[in-house]
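Source file: data-v3.tsv. Holds: TSV, C-alpha atoms.
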```tsv
chain	number	residue	atom	x	y	z
S	392	MET	CA	32.13	34.19	-159.17
S	393	LEU	CA	35.74	35.26	-158.67
S	394	GLU	CA	36.08	33.64	-155.24
S	395	LEU	CA	34.68	30.45	-156.75
S	396	TYR	CA	37.46	30.35	-159.35
S	397	ILE	CA	40.10	31.12	-156.70
S	398	LEU	CA	38.81	28.21	-154.62
S	399	LEU	CA	38.74	25.92	-157.65
S	400	VAL	CA	42.38	26.73	-158.50
S	401	PHE	CA	43.27	26.18	-154.82
S	402	MET	CA	41.57	22.79	-154.84
S	403	ILE	CA	43.29	21.71	-158.06
S	404	ILE	CA	46.69	22.73	-156.68
S	405	GLY	CA	45.92	20.85	-153.47
S	406	ALA	CA	44.97	17.72	-155.41
S	407	ILE	CA	48.19	17.86	-157.45
S	408	ILE	CA	50.24	18.31	-154.27
S	409	ALA	CA	48.42	15.36	-152.69
S	410	ILE	CA	49.44	13.14	-155.59
S	411	GLU	CA	52.99	14.36	-156.05
S	412	VAL	CA	54.31	14.73	-152.51
S	413	ASN	CA	56.30	11.82	-151.08
S	414	ASP	CA	55.31	12.06	-147.41
S	415	LEU	CA	52.01	10.28	-146.64
S	416	LEU	CA	51.03	12.71	-143.87
S	417	SER	CA	51.54	15.73	-146.14
S	418	SER	CA	49.45	14.02	-148.79
S	419	VAL	CA	46.59	13.43	-146.35
S	420	VAL	CA	46.76	17.05	-145.19
S	421	ALA	CA	46.58	18.22	-148.82
S	422	VAL	CA	43.50	16.04	-149.37
S	423	GLY	CA	41.98	17.67	-146.29
S	424	ALA	CA	42.67	21.12	-147.76
S	425	VAL	CA	40.86	20.09	-150.94
S	426	GLY	CA	37.84	18.91	-148.93
S	427	LEU	CA	37.76	22.12	-146.91
S	428	GLY	CA	37.83	24.16	-150.13
S	429	LEU	CA	34.95	22.08	-151.48
S	430	SER	CA	32.91	22.73	-148.35
S	431	ILE	CA	33.50	26.51	-148.68
S	432	VAL	CA	32.46	26.26	-152.35
S	433	PHE	CA	29.19	24.65	-151.24
S	434	LEU	CA	28.68	27.47	-148.73
S	435	ILE	CA	29.24	30.10	-151.44
S	436	LEU	CA	26.77	28.30	-153.71
S	437	LYS	CA	24.22	28.50	-150.84
S	438	ALA	CA	23.98	24.80	-150.05
S	439	PRO	CA	24.56	24.69	-146.26
S	440	ASP	CA	23.26	21.12	-145.88
S	441	VAL	CA	25.83	19.74	-148.28
S	442	ALA	CA	28.53	21.97	-146.80
S	443	ILE	CA	27.92	20.62	-143.28
S	444	THR	CA	27.89	17.03	-144.48
S	445	GLN	CA	31.01	17.51	-146.62
S	446	LEU	CA	32.96	19.13	-143.77
S	447	VAL	CA	31.98	16.50	-141.22
S	448	VAL	CA	32.58	13.51	-143.49
S	449	GLU	CA	35.93	15.00	-144.53
S	450	ILE	CA	37.03	15.30	-140.90
S	451	LEU	CA	36.03	11.71	-140.11
S	452	ALA	CA	37.67	10.36	-143.28
S	453	LEU	CA	40.91	12.23	-142.53
S	454	ILE	CA	40.96	10.97	-138.94
S	455	ILE	CA	40.44	7.41	-140.15
S	456	LEU	CA	43.16	7.84	-142.79
S	457	ILE	CA	45.69	9.31	-140.35
S	458	ARG	CA	44.92	7.11	-137.36
S	459	ALA	CA	44.33	3.79	-139.04
S	460	THR	CA	46.46	3.66	-142.16
S	461	LEU	CA	49.36	6.06	-141.83
S	462	ARG	CA	51.73	3.95	-139.74
S	463	LYS	CA	51.32	0.81	-141.80
S	464	ASP	CA	53.83	-0.27	-144.40
S	465	LEU	CA	51.61	-0.17	-147.43
S	466	PRO	CA	52.97	-1.46	-150.73
S	467	PHE	CA	53.98	1.56	-152.78
S	468	SER	CA	55.25	1.07	-156.31
S	469	THR	CA	56.78	3.85	-158.36
S	470	SER	CA	58.45	1.79	-161.05
S	471	GLY	CA	56.59	0.08	-163.89
S	472	ARG	CA	55.43	0.58	-167.40
S	473	TRP	CA	55.28	4.36	-167.30
S	474	LEU	CA	55.07	4.76	-171.09
S	475	LEU	CA	51.98	2.53	-171.36
S	476	ASN	CA	50.44	4.15	-168.27
S	477	THR	CA	50.99	7.65	-169.66
S	478	LEU	CA	49.49	6.67	-173.02
S	479	ILE	CA	46.41	5.15	-171.36
S	480	THR	CA	46.02	8.23	-169.16
S	481	ILE	CA	46.23	10.59	-172.15
S	482	CYS	CA	43.69	8.46	-174.06
S	483	PHE	CA	41.24	8.52	-171.15
S	484	ILE	CA	41.62	12.29	-170.69
S	485	ALA	CA	41.04	12.85	-174.42
S	486	VAL	CA	37.90	10.68	-174.44
S	487	ALA	CA	36.61	12.40	-171.30
S	488	LEU	CA	37.19	15.85	-172.82
S	489	LEU	CA	35.40	14.84	-176.03
S	490	VAL	CA	32.37	13.48	-174.18
S	491	ALA	CA	32.35	16.45	-171.81
S	492	GLY	CA	32.46	18.87	-174.75
S	493	LYS	CA	29.39	17.20	-176.22
S	494	CYS	CA	27.54	17.09	-172.91
S	495	PHE	CA	28.29	20.57	-171.62
S	496	ASN	CA	26.64	22.13	-174.66
S	497	ASP	CA	23.29	20.70	-173.61
S	498	LEU	CA	23.56	21.74	-169.97
S	499	PRO	CA	21.65	24.82	-168.80
S	500	GLU	CA	23.73	27.87	-167.95
S	501	PHE	CA	25.45	27.97	-164.55
S	502	GLY	CA	23.08	29.31	-161.91
S	503	TYR	CA	19.98	28.91	-164.11
S	504	PRO	CA	18.73	25.32	-163.64
S	505	ILE	CA	15.71	23.94	-165.48
S	506	MET	CA	13.74	23.30	-162.24
S	507	ARG	CA	11.04	21.16	-163.82
S	508	VAL	CA	10.47	18.93	-160.78
S	509	ALA	CA	12.15	21.11	-158.18
S	510	SER	CA	9.80	24.04	-158.75
S	511	THR	CA	6.90	21.81	-157.69
S	512	TYR	CA	8.76	20.88	-154.52
S	513	LEU	CA	9.50	24.54	-153.80
S	514	LYS	CA	5.85	25.51	-154.21
S	515	GLU	CA	4.16	22.64	-152.40
S	516	GLY	CA	6.88	21.29	-150.11
S	517	LEU	CA	6.10	23.31	-147.00
S	518	ALA	CA	2.34	22.77	-147.22
S	519	LYS	CA	2.56	19.05	-147.95
S	520	THR	CA	5.31	17.94	-145.58
S	521	GLY	CA	5.40	20.65	-142.94
S	522	ALA	CA	9.21	20.70	-142.96
S	523	THR	CA	10.78	24.16	-143.19
S	524	ASN	CA	14.08	22.75	-144.43
S	525	LEU	CA	13.17	21.71	-147.94
S	526	VAL	CA	16.23	19.50	-148.28
S	527	ALA	CA	14.95	17.36	-145.42
S	528	ALA	CA	11.50	17.39	-147.01
S	529	VAL	CA	12.93	16.05	-150.26
S	530	ILE	CA	15.29	13.41	-148.89
S	531	LEU	CA	12.94	12.08	-146.21
S	532	ASP	CA	9.51	12.54	-147.78
S	533	TYR	CA	9.51	12.91	-151.55
S	534	ARG	CA	12.63	10.84	-152.15
S	535	ALA	CA	12.63	8.72	-148.99
S	536	PHE	CA	13.12	5.57	-151.03
S	537	ASP	CA	16.53	6.88	-152.16
S	538	THR	CA	17.44	7.52	-148.53
S	539	LEU	CA	16.50	3.93	-147.70
S	540	GLY	CA	18.84	2.78	-150.45
S	541	GLU	CA	21.63	5.01	-149.15
S	542	ALA	CA	21.12	3.66	-145.64
S	543	THR	CA	21.31	0.13	-147.03
S	544	VAL	CA	24.56	0.95	-148.82
S	545	LEU	CA	26.08	2.29	-145.60
S	546	PHE	CA	24.83	-0.73	-143.65
S	547	THR	CA	26.42	-3.06	-146.20
S	548	ALA	CA	29.68	-1.09	-146.08
S	549	VAL	CA	29.85	-1.31	-142.28
S	550	ILE	CA	29.10	-5.03	-142.33
S	551	GLY	CA	31.76	-5.51	-145.03
S	552	VAL	CA	34.44	-3.66	-143.07
S	553	LEU	CA	33.60	-5.49	-139.86
S	554	ALA	CA	33.70	-8.81	-141.72
S	555	VAL	CA	37.04	-8.08	-143.37
S	556	VAL	CA	38.88	-6.93	-140.22
S	557	ARG	CA	37.45	-9.50	-137.80
S	558	LYS	CA	39.86	-11.63	-135.83
S	559	VAL	CA	39.80	-14.80	-137.90
S	560	GLY	CA	40.36	-13.01	-141.17
S	561	ARG	CA	42.94	-10.70	-139.68
S	562	LYS	CA	45.46	-13.44	-138.90
S	563	LYS	CA	45.26	-14.81	-142.40
S	564	ILE	CA	45.89	-11.39	-143.92
S	565	GLY	CA	48.83	-10.78	-141.56
S	566	GLU	CA	50.39	-14.12	-142.44
S	567	LYS	CA	50.13	-13.43	-146.13
S	568	VAL	CA	51.80	-10.04	-145.79
S	569	ARG	CA	54.60	-11.53	-143.74
S	570	GLU	CA	55.25	-14.21	-146.34
S	571	GLU	CA	55.46	-11.60	-149.06
S	572	ASP	CA	57.88	-9.54	-147.00
S	573	GLU	CA	60.18	-12.49	-146.40
G	1014	MET	CA	54.90	4.66	-129.81
G	1015	SER	CA	52.00	2.28	-129.58
G	1016	ARG	CA	52.23	2.10	-125.80
G	1017	GLU	CA	52.02	5.90	-125.49
G	1018	ARG	CA	49.06	5.94	-127.83
G	1019	GLU	CA	47.19	3.41	-125.74
G	1020	LYS	CA	47.43	5.62	-122.69
G	1021	GLY	CA	46.30	8.65	-124.67
G	1022	MET	CA	47.74	12.07	-125.38
G	1023	SER	CA	49.17	14.72	-123.04
G	1024	ILE	CA	47.31	16.31	-120.12
G	1025	ILE	CA	46.57	19.47	-122.15
G	1026	VAL	CA	44.73	17.49	-124.79
G	1027	LYS	CA	42.92	15.46	-122.14
G	1028	THR	CA	41.70	18.57	-120.29
G	1029	ILE	CA	40.50	20.26	-123.47
G	1030	THR	CA	38.78	17.04	-124.52
G	1031	ARG	CA	37.00	16.77	-121.17
G	1032	LEU	CA	35.65	20.29	-121.66
G	1033	THR	CA	34.66	20.02	-125.32
G	1034	VAL	CA	33.49	16.46	-125.90
G	1035	GLY	CA	30.10	17.08	-124.28
G	1036	LEU	CA	29.59	20.21	-126.35
G	1037	ILE	CA	30.36	18.31	-129.54
G	1038	LEU	CA	27.86	15.60	-128.58
G	1039	LEU	CA	25.26	18.27	-127.77
G	1040	TYR	CA	25.88	20.01	-131.10
G	1041	GLY	CA	25.34	16.72	-132.92
G	1042	ILE	CA	22.06	16.18	-131.10
G	1043	TYR	CA	21.01	19.76	-131.99
G	1044	ILE	CA	21.89	19.25	-135.68
G	1045	LEU	CA	19.92	16.04	-135.94
G	1046	SER	CA	16.90	17.13	-133.94
G	1047	HIS	CA	16.51	20.40	-135.87
G	1048	GLY	CA	17.17	18.73	-139.22
G	1049	HIS	CA	13.72	19.55	-140.54
G	1050	VAL	CA	13.86	23.21	-139.48
G	1051	THR	CA	17.45	24.34	-140.13
G	1052	PRO	CA	20.25	22.96	-142.33
G	1053	GLY	CA	21.68	19.71	-141.13
G	1054	GLY	CA	19.91	16.43	-140.71
G	1055	GLY	CA	20.35	12.88	-139.61
G	1056	PHE	CA	23.48	12.07	-141.60
G	1057	ALA	CA	25.55	15.08	-140.47
G	1058	GLY	CA	24.26	14.86	-136.89
G	1059	GLY	CA	25.09	11.19	-136.66
G	1060	ILE	CA	28.62	11.75	-137.89
G	1061	ILE	CA	29.12	14.58	-135.37
G	1062	ILE	CA	27.97	12.26	-132.58
G	1063	ALA	CA	30.39	9.60	-133.84
G	1064	LEU	CA	33.13	12.27	-133.98
G	1065	SER	CA	32.64	13.04	-130.28
G	1066	PHE	CA	33.39	9.41	-129.44
G	1067	VAL	CA	36.29	9.40	-131.91
G	1068	HIS	CA	37.59	12.52	-130.14
G	1069	LEU	CA	37.39	10.66	-126.83
G	1070	MET	CA	39.23	7.70	-128.33
G	1071	LEU	CA	42.00	9.86	-129.80
G	1072	ALA	CA	42.62	11.75	-126.57
G	1073	TYR	CA	42.12	9.10	-123.88
G	1074	GLY	CA	43.03	5.95	-125.78
G	1075	LYS	CA	40.82	3.17	-127.04
G	1076	ASP	CA	39.96	1.62	-123.67
G	1077	VAL	CA	38.10	4.65	-122.28
G	1078	ALA	CA	36.04	5.18	-125.44
G	1079	LEU	CA	35.24	1.50	-125.84
G	1080	ALA	CA	34.17	1.34	-122.20
G	1081	LYS	CA	31.64	4.13	-122.89
G	1082	LEU	CA	30.44	2.58	-126.14
G	1083	PRO	CA	31.46	-1.08	-126.58
G	1084	LYS	CA	31.66	-2.64	-129.99
G	1085	GLY	CA	28.74	-4.96	-129.34
G	1086	VAL	CA	26.54	-1.98	-128.49
G	1087	THR	CA	27.47	-0.21	-131.74
G	1088	SER	CA	26.56	-3.30	-133.77
G	1089	PHE	CA	23.27	-3.61	-131.87
G	1090	LEU	CA	22.44	0.10	-132.40
G	1091	GLU	CA	23.32	-0.13	-136.09
G	1092	GLY	CA	21.07	-3.09	-136.74
G	1093	THR	CA	18.22	-1.84	-134.56
G	1094	ALA	CA	18.22	1.57	-136.19
G	1095	ALA	CA	18.19	0.03	-139.67
G	1096	ILE	CA	15.17	-2.10	-138.74
G	1097	ALA	CA	13.50	0.93	-137.13
G	1098	PHE	CA	13.93	3.01	-140.28
G	1099	LEU	CA	12.40	0.24	-142.35
G	1100	SER	CA	9.53	-0.19	-139.90
G	1101	ILE	CA	8.76	3.55	-139.98
G	1102	ALA	CA	8.53	3.19	-143.73
G	1103	LEU	CA	6.34	0.08	-143.42
G	1104	LEU	CA	4.01	1.79	-140.91
G	1105	GLY	CA	2.89	3.96	-143.79
G	1106	PHE	CA	1.04	0.93	-145.14
G	1107	MET	CA	-1.46	1.27	-142.27
G	1108	THR	CA	-3.16	4.19	-143.99
G	1109	GLY	CA	-1.65	4.30	-147.43
G	1110	TYR	CA	1.65	3.62	-149.13
G	1111	PHE	CA	5.35	3.09	-148.40
G	1112	PHE	CA	6.94	6.06	-146.58
G	1113	LEU	CA	3.60	7.81	-146.10
G	1114	ASN	CA	3.89	10.79	-143.78
G	1115	PHE	CA	1.16	9.45	-141.51
G	1116	LEU	CA	1.73	11.69	-138.48
G	1117	SER	CA	0.19	15.13	-138.27
G	1118	LYS	CA	2.19	17.92	-139.90
G	1119	GLY	CA	1.98	20.28	-136.95
G	1120	GLU	CA	2.84	23.95	-136.96
G	1121	GLU	CA	5.67	25.23	-139.15
G	1122	PHE	CA	9.01	26.33	-137.67
G	1123	ARG	CA	8.38	24.25	-134.55
G	1124	LEU	CA	10.51	21.39	-133.29
G	1125	PHE	CA	7.58	18.96	-133.22
G	1126	SER	CA	6.35	19.25	-136.77
G	1127	ALA	CA	6.70	17.63	-140.19
G	1128	GLY	CA	5.34	14.22	-139.22
G	1129	ILE	CA	7.79	11.33	-139.57
G	1130	ILE	CA	10.76	13.42	-140.79
G	1131	PRO	CA	12.25	14.05	-137.29
G	1132	LEU	CA	11.79	10.36	-136.41
G	1133	CYS	CA	13.61	9.35	-139.59
G	1134	ASN	CA	16.38	11.86	-138.79
G	1135	ILE	CA	16.88	10.40	-135.30
G	1136	VAL	CA	16.93	6.82	-136.58
G	1137	ILE	CA	19.33	7.61	-139.44
G	1138	SER	CA	21.65	9.51	-137.10
G	1139	ILE	CA	21.86	6.54	-134.70
G	1140	LYS	CA	22.53	4.22	-137.61
G	1141	VAL	CA	25.20	6.40	-139.25
G	1142	GLY	CA	26.93	7.30	-135.99
G	1143	ALA	CA	27.07	3.74	-134.69
G	1144	GLY	CA	28.18	2.37	-138.04
G	1145	LEU	CA	31.00	4.85	-138.60
G	1146	PHE	CA	32.21	4.54	-135.02
G	1147	ALA	CA	32.22	0.76	-135.46
G	1148	ILE	CA	34.37	1.13	-138.59
G	1149	PHE	CA	36.78	3.47	-136.79
G	1150	ALA	CA	37.02	1.20	-133.74
G	1151	ALA	CA	37.60	-1.85	-135.92
G	1152	LEU	CA	40.40	-0.12	-137.84
G	1153	VAL	CA	42.02	1.15	-134.62
G	1154	LEU	CA	41.86	-2.27	-132.99
G	1155	LEU	CA	43.31	-3.78	-136.16
G	1156	LYS	CA	46.31	-1.47	-136.02
G	1157	PHE	CA	48.00	-2.70	-132.87
G	1158	GLU	CA	48.03	-6.45	-133.42
G	1159	PRO	CA	50.71	-6.81	-136.16
G	1160	GLU	CA	53.06	-4.35	-134.42
G	1161	LYS	CA	52.98	-6.30	-131.15
G	1162	LYS	CA	53.65	-9.55	-132.94
G	1163	GLU	CA	56.59	-8.04	-134.80
G	1164	LYS	CA	58.04	-6.71	-131.56
G	1165	ARG	CA	57.78	-10.10	-129.91
G	1166	LYS	CA	59.61	-11.66	-132.81
```
Show how you would write the structure in this file as structure tokens.
Amino acid sequence: MLELYILLVFMIIGAIIAIEVNDLLSSVVAVGAVGLGLSIVFLILKAPDVAITQLVVEILALIILIRATLRKDLPFSTSGRWLLNTLITICFIAVALLVAGKCFNDLPEFGYPIMRVASTYLKEGLAKTGATNLVAAVILDYRAFDTLGEATVLFTAVIGVLAVVRKVGRKKIGEKVREEDE
Amino acid sequence: MSREREKGMSIIVKTITRLTVGLILLYGIYILSHGHVTPGGGFAGGIIIALSFVHLMLAYGKDVALAKLPKGVTSFLEGTAAIAFLSIALLGFMTGYFFLNFLSKGEEFRLFSAGIIPLCNIVISIKVGAGLFAIFAALVLLKFEPEKKEKRK
């Protein structure tokens, strides 16, 4: 448990650094440190599937962030209604803490899940699906419909990105930005 | 800066990339093909395969990577894999219901076991890898156009 708390504190510090630092590259590197800490947390909690996916997606997301967005002049505003923003932030944090306090009382203790459905999967999964990796058995056999939905979401995202950055739309976006700059 | 980037990085990076990019691709194929036996699966394997092409693009520049895997091919693979995943699900209607595991289960702890799960892993990995590489290539190709125009002006 102790290493878990150390990693959590490390991740929180990394997230704060990512927000507060002025350099964009340093901020991206701090986000990467947070993701790496999260992947180690998954490994400690004995979830290697999620750890592999988290690590790999983090690497790809960081490469896309660094390679594709870092050298652009993105609009970056620091001025504004800071009093109103701070008040709204404090209100949201207070509401979230209240709701979380109510909800966390009903949760089972850490490390002792209820396992009402999952115990059935653990007992019958190997015999019914033949897959030794029970995570694969769940996401591609018992809950394959969810995986179809996830694949559809990714397909839609790819089509959306390709539609936004295609050549015809790109010129219009570039012209707008140039007008705003002038 | 952009002209150097188009040619790629230094000779050290290029040599290391030539040695490691095949291993990364092979590791991705291992992760996806053993997804039903060991941790991993189609999603992670597909992203590792996409990362090997991204690695190639970062080290050698966009022309080399896009010559190996053109943008039209990625779009074709993405769409074909999506249809293939749906058709695997629909094939279950032949003997039962949607997403029925209609193939034989086979022997446990073997590569050829667990019915349609390895097929789904392969299809999902192709879909995820092609889609994410298409996003990366689109964003990289987007990057150079405004800079060139600004330089001309």
Would you give me, as CSV, each residue of chain G having an atom within 8 Å of an atom of chain S, along with its shortest atom pair and that distance in Å to one decimal, using all atoms listed in the file and sorting by chain and residue number?
```
residue,atom,partner,partner_atom,distance
G:Gly1048,CA,S:Ala527,CA,6.7
G:His1049,CA,S:Asn524,CA,5.0
G:Val1050,CA,S:Thr523,CA,4.9
G:Thr1051,CA,S:Asn524,CA,5.7
G:Pro1052,CA,S:Asp440,CA,5.0
G:Gly1053,CA,S:Asp440,CA,5.2
G:Gly1054,CA,S:Ala527,CA,6.9
G:Phe1056,CA,S:Thr444,CA,7.2
G:Ala1057,CA,S:Thr444,CA,5.0
G:Ile1060,CA,S:Val447,CA,6.7
G:Ile1061,CA,S:Val447,CA,6.8
G:Leu1064,CA,S:Leu451,CA,6.8
G:Glu1091,CA,S:Phe546,CA,7.7
G:Ala1095,CA,S:Ala542,CA,7.6
G:Phe1098,CA,S:Leu539,CA,7.9
G:Leu1099,CA,S:Leu539,CA,7.7
G:Phe1112,CA,S:Ala535,CA,6.7
G:Leu1113,CA,S:Asp532,CA,7.8
G:Asn1114,CA,S:Asp532,CA,7.1
G:Lys1118,CA,S:Gly521,CA,5.2
G:Gly1119,CA,S:Gly521,CA,6.9
G:Glu1120,CA,S:Gly521,CA,7.3
G:Glu1121,CA,S:Gly521,CA,6.0
G:Phe1122,CA,S:Thr523,CA,6.2
G:Ser1126,CA,S:Gly521,CA,6.4
G:Ala1127,CA,S:Gly521,CA,4.3
G:Gly1128,CA,S:Thr520,CA,7.4
G:Ile1130,CA,S:Leu531,CA,6.0
G:Cys1133,CA,S:Leu531,CA,7.2
G:Ile1137,CA,S:Ala542,CA,7.6
G:Val1141,CA,S:Leu545,CA,7.6
G:Gly1144,CA,S:Val549,CA,5.9
G:Leu1145,CA,S:Val549,CA,7.3
G:Ala1147,CA,S:Val549,CA,7.5
G:Ile1148,CA,S:Val549,CA,6.3
G:Phe1149,CA,S:Ile455,CA,6.3
G:Ala1151,CA,S:Leu553,CA,6.7
G:Leu1152,CA,S:Ala459,CA,5.7
G:Val1153,CA,S:Ala459,CA,5.6
G:Leu1155,CA,S:Val556,CA,6.8
G:Lys1156,CA,S:Ala459,CA,6.4
G:Pro1159,CA,S:Gly565,CA,7.0
```
Atom pair atom CA of S:Asn413 + atom CA of S:Leu399, distance 23.5 Å
Just the number, please: distance in Å from atom CA of S:Gly426 to atom CA of S:Phe501, one decimal. 21.9 Å
Set up a box along x, y and z of the file covering all listed atoms of stretch 1082-1094 of chain G, add 6 Å on every one of the six sides, and write the centre and edge lengths in Å to one decimal, as AutoDock Vina command-line options.
```
--center_x 24.9 --center_y -1.2 --center_z -131.4 --size_x 25.4 --size_y 19.5 --size_z 22.6
```
To one decimal place, how far is atom CA of S:Glu500 from atom CA of S:Ala485 in Å?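 Going from atom CA of S:Glu500 over to atom CA of S:Ala485, I get 23.8 Å.
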My structure is short of atoms at stretch 1109-1131 of chain G; please model N, CA and C atoms there, returning them as a PDB file, in the coordinates of the input.
```pdb
ATOM      1  N   GLY G1109      -1.874   3.938-146.038  1.00  0.00           N
ATOM      2  CA  GLY G1109      -1.650   4.300-147.430  1.00  0.00           C
ATOM      3  C   GLY G1109      -0.524   3.520-148.046  1.00  0.00           C
ATOM      4  N   TYR G1110       0.571   4.208-148.350  1.00  0.00           N
ATOM      5  CA  TYR G1110       1.650   3.620-149.130  1.00  0.00           C
ATOM      6  C   TYR G1110       2.960   3.691-148.358  1.00  0.00           C
ATOM      7  N   PHE G1111       4.003   3.125-148.982  1.00  0.00           N
ATOM      8  CA  PHE G1111       5.350   3.090-148.400  1.00  0.00           C
ATOM      9  C   PHE G1111       5.844   4.504-148.139  1.00  0.00           C
ATOM     10  N   PHE G1112       6.422   4.744-146.955  1.00  0.00           N
ATOM     11  CA  PHE G1112       6.940   6.060-146.580  1.00  0.00           C
ATOM     12  C   PHE G1112       5.877   7.137-146.589  1.00  0.00           C
ATOM     13  N   LEU G1113       4.642   6.778-146.218  1.00  0.00           N
ATOM     14  CA  LEU G1113       3.600   7.810-146.100  1.00  0.00           C
ATOM     15  C   LEU G1113       3.850   8.606-144.834  1.00  0.00           C
ATOM     16  N   ASN G1114       3.707   9.920-144.933  1.00  0.00           N
ATOM     17  CA  ASN G1114       3.890  10.790-143.780  1.00  0.00           C
ATOM     18  C   ASN G1114       2.601  10.764-142.966  1.00  0.00           C
ATOM     19  N   PHE G1115       2.475   9.709-142.102  1.00  0.00           N
ATOM     20  CA  PHE G1115       1.160   9.450-141.510  1.00  0.00           C
ATOM     21  C   PHE G1115       0.904  10.279-140.262  1.00  0.00           C
ATOM     22  N   LEU G1116       1.958  10.858-139.664  1.00  0.00           N
ATOM     23  CA  LEU G1116       1.730  11.690-138.480  1.00  0.00           C
ATOM     24  C   LEU G1116       1.235  13.066-138.905  1.00  0.00           C
ATOM     25  N   SER G1117       0.716  13.813-137.926  1.00  0.00           N
ATOM     26  CA  SER G1117       0.190  15.130-138.270  1.00  0.00           C
ATOM     27  C   SER G1117       1.345  16.099-138.549  1.00  0.00           C
ATOM     28  N   LYS G1118       1.112  17.032-139.469  1.00  0.00           N
ATOM     29  CA  LYS G1118       2.190  17.920-139.900  1.00  0.00           C
ATOM     30  C   LYS G1118       2.594  18.915-138.820  1.00  0.00           C
ATOM     31  N   GLY G1119       1.652  19.333-138.000  1.00  0.00           N
ATOM     32  CA  GLY G1119       1.980  20.280-136.950  1.00  0.00           C
ATOM     33  C   GLY G1119       2.162  21.689-137.482  1.00  0.00           C
ATOM     34  N   GLU G1120       2.662  22.552-136.588  1.00  0.00           N
ATOM     35  CA  GLU G1120       2.840  23.950-136.960  1.00  0.00           C
ATOM     36  C   GLU G1120       4.233  24.151-137.529  1.00  0.00           C
ATOM     37  N   GLU G1121       4.362  25.006-138.532  1.00  0.00           N
ATOM     38  CA  GLU G1121       5.670  25.230-139.150  1.00  0.00           C
ATOM     39  C   GLU G1121       6.619  25.914-138.186  1.00  0.00           C
ATOM     40  N   PHE G1122       7.917  25.737-138.451  1.00  0.00           N
ATOM     41  CA  PHE G1122       9.010  26.330-137.670  1.00  0.00           C
ATOM     42  C   PHE G1122       9.005  25.875-136.225  1.00  0.00           C
ATOM     43  N   ARG G1123       8.328  24.788-135.902  1.00  0.00           N
ATOM     44  CA  ARG G1123       8.380  24.250-134.550  1.00  0.00           C
ATOM     45  C   ARG G1123       9.217  22.976-134.559  1.00  0.00           C
ATOM     46  N   LEU G1124       9.699  22.600-133.360  1.00  0.00           N
ATOM     47  CA  LEU G1124      10.510  21.390-133.290  1.00  0.00           C
ATOM     48  C   LEU G1124       9.661  20.160-133.568  1.00  0.00           C
ATOM     49  N   PHE G1125       8.444  20.119-133.003  1.00  0.00           N
ATOM     50  CA  PHE G1125       7.580  18.960-133.220  1.00  0.00           C
ATOM     51  C   PHE G1125       6.656  19.264-134.389  1.00  0.00           C
ATOM     52  N   SER G1126       7.163  19.031-135.575  1.00  0.00           N
ATOM     53  CA  SER G1126       6.350  19.250-136.770  1.00  0.00           C
ATOM     54  C   SER G1126       6.845  18.287-137.840  1.00  0.00           C
ATOM     55  N   ALA G1127       6.249  18.352-138.993  1.00  0.00           N
ATOM     56  CA  ALA G1127       6.700  17.630-140.190  1.00  0.00           C
ATOM     57  C   ALA G1127       6.560  16.125-140.080  1.00  0.00           C
ATOM     58  N   GLY G1128       5.695  15.633-139.204  1.00  0.00           N
ATOM     59  CA  GLY G1128       5.340  14.220-139.220  1.00  0.00           C
ATOM     60  C   GLY G1128       6.496  13.293-138.903  1.00  0.00           C
ATOM     61  N   ILE G1129       6.803  12.374-139.849  1.00  0.00           N
ATOM     62  CA  ILE G1129       7.790  11.330-139.570  1.00  0.00           C
ATOM     63  C   ILE G1129       9.213  11.794-139.856  1.00  0.00           C
ATOM     64  N   ILE G1130       9.406  13.005-140.393  1.00  0.00           N
ATOM     65  CA  ILE G1130      10.760  13.420-140.790  1.00  0.00           C
ATOM     66  C   ILE G1130      11.718  13.486-139.590  1.00  0.00           C
ATOM     67  N   PRO G1131      11.319  14.080-138.439  1.00  0.00           N
ATOM     68  CA  PRO G1131      12.250  14.050-137.290  1.00  0.00           C
ATOM     69  C   PRO G1131      12.549  12.641-136.812  1.00  0.00           C
TER      70      PRO G1131
END
```
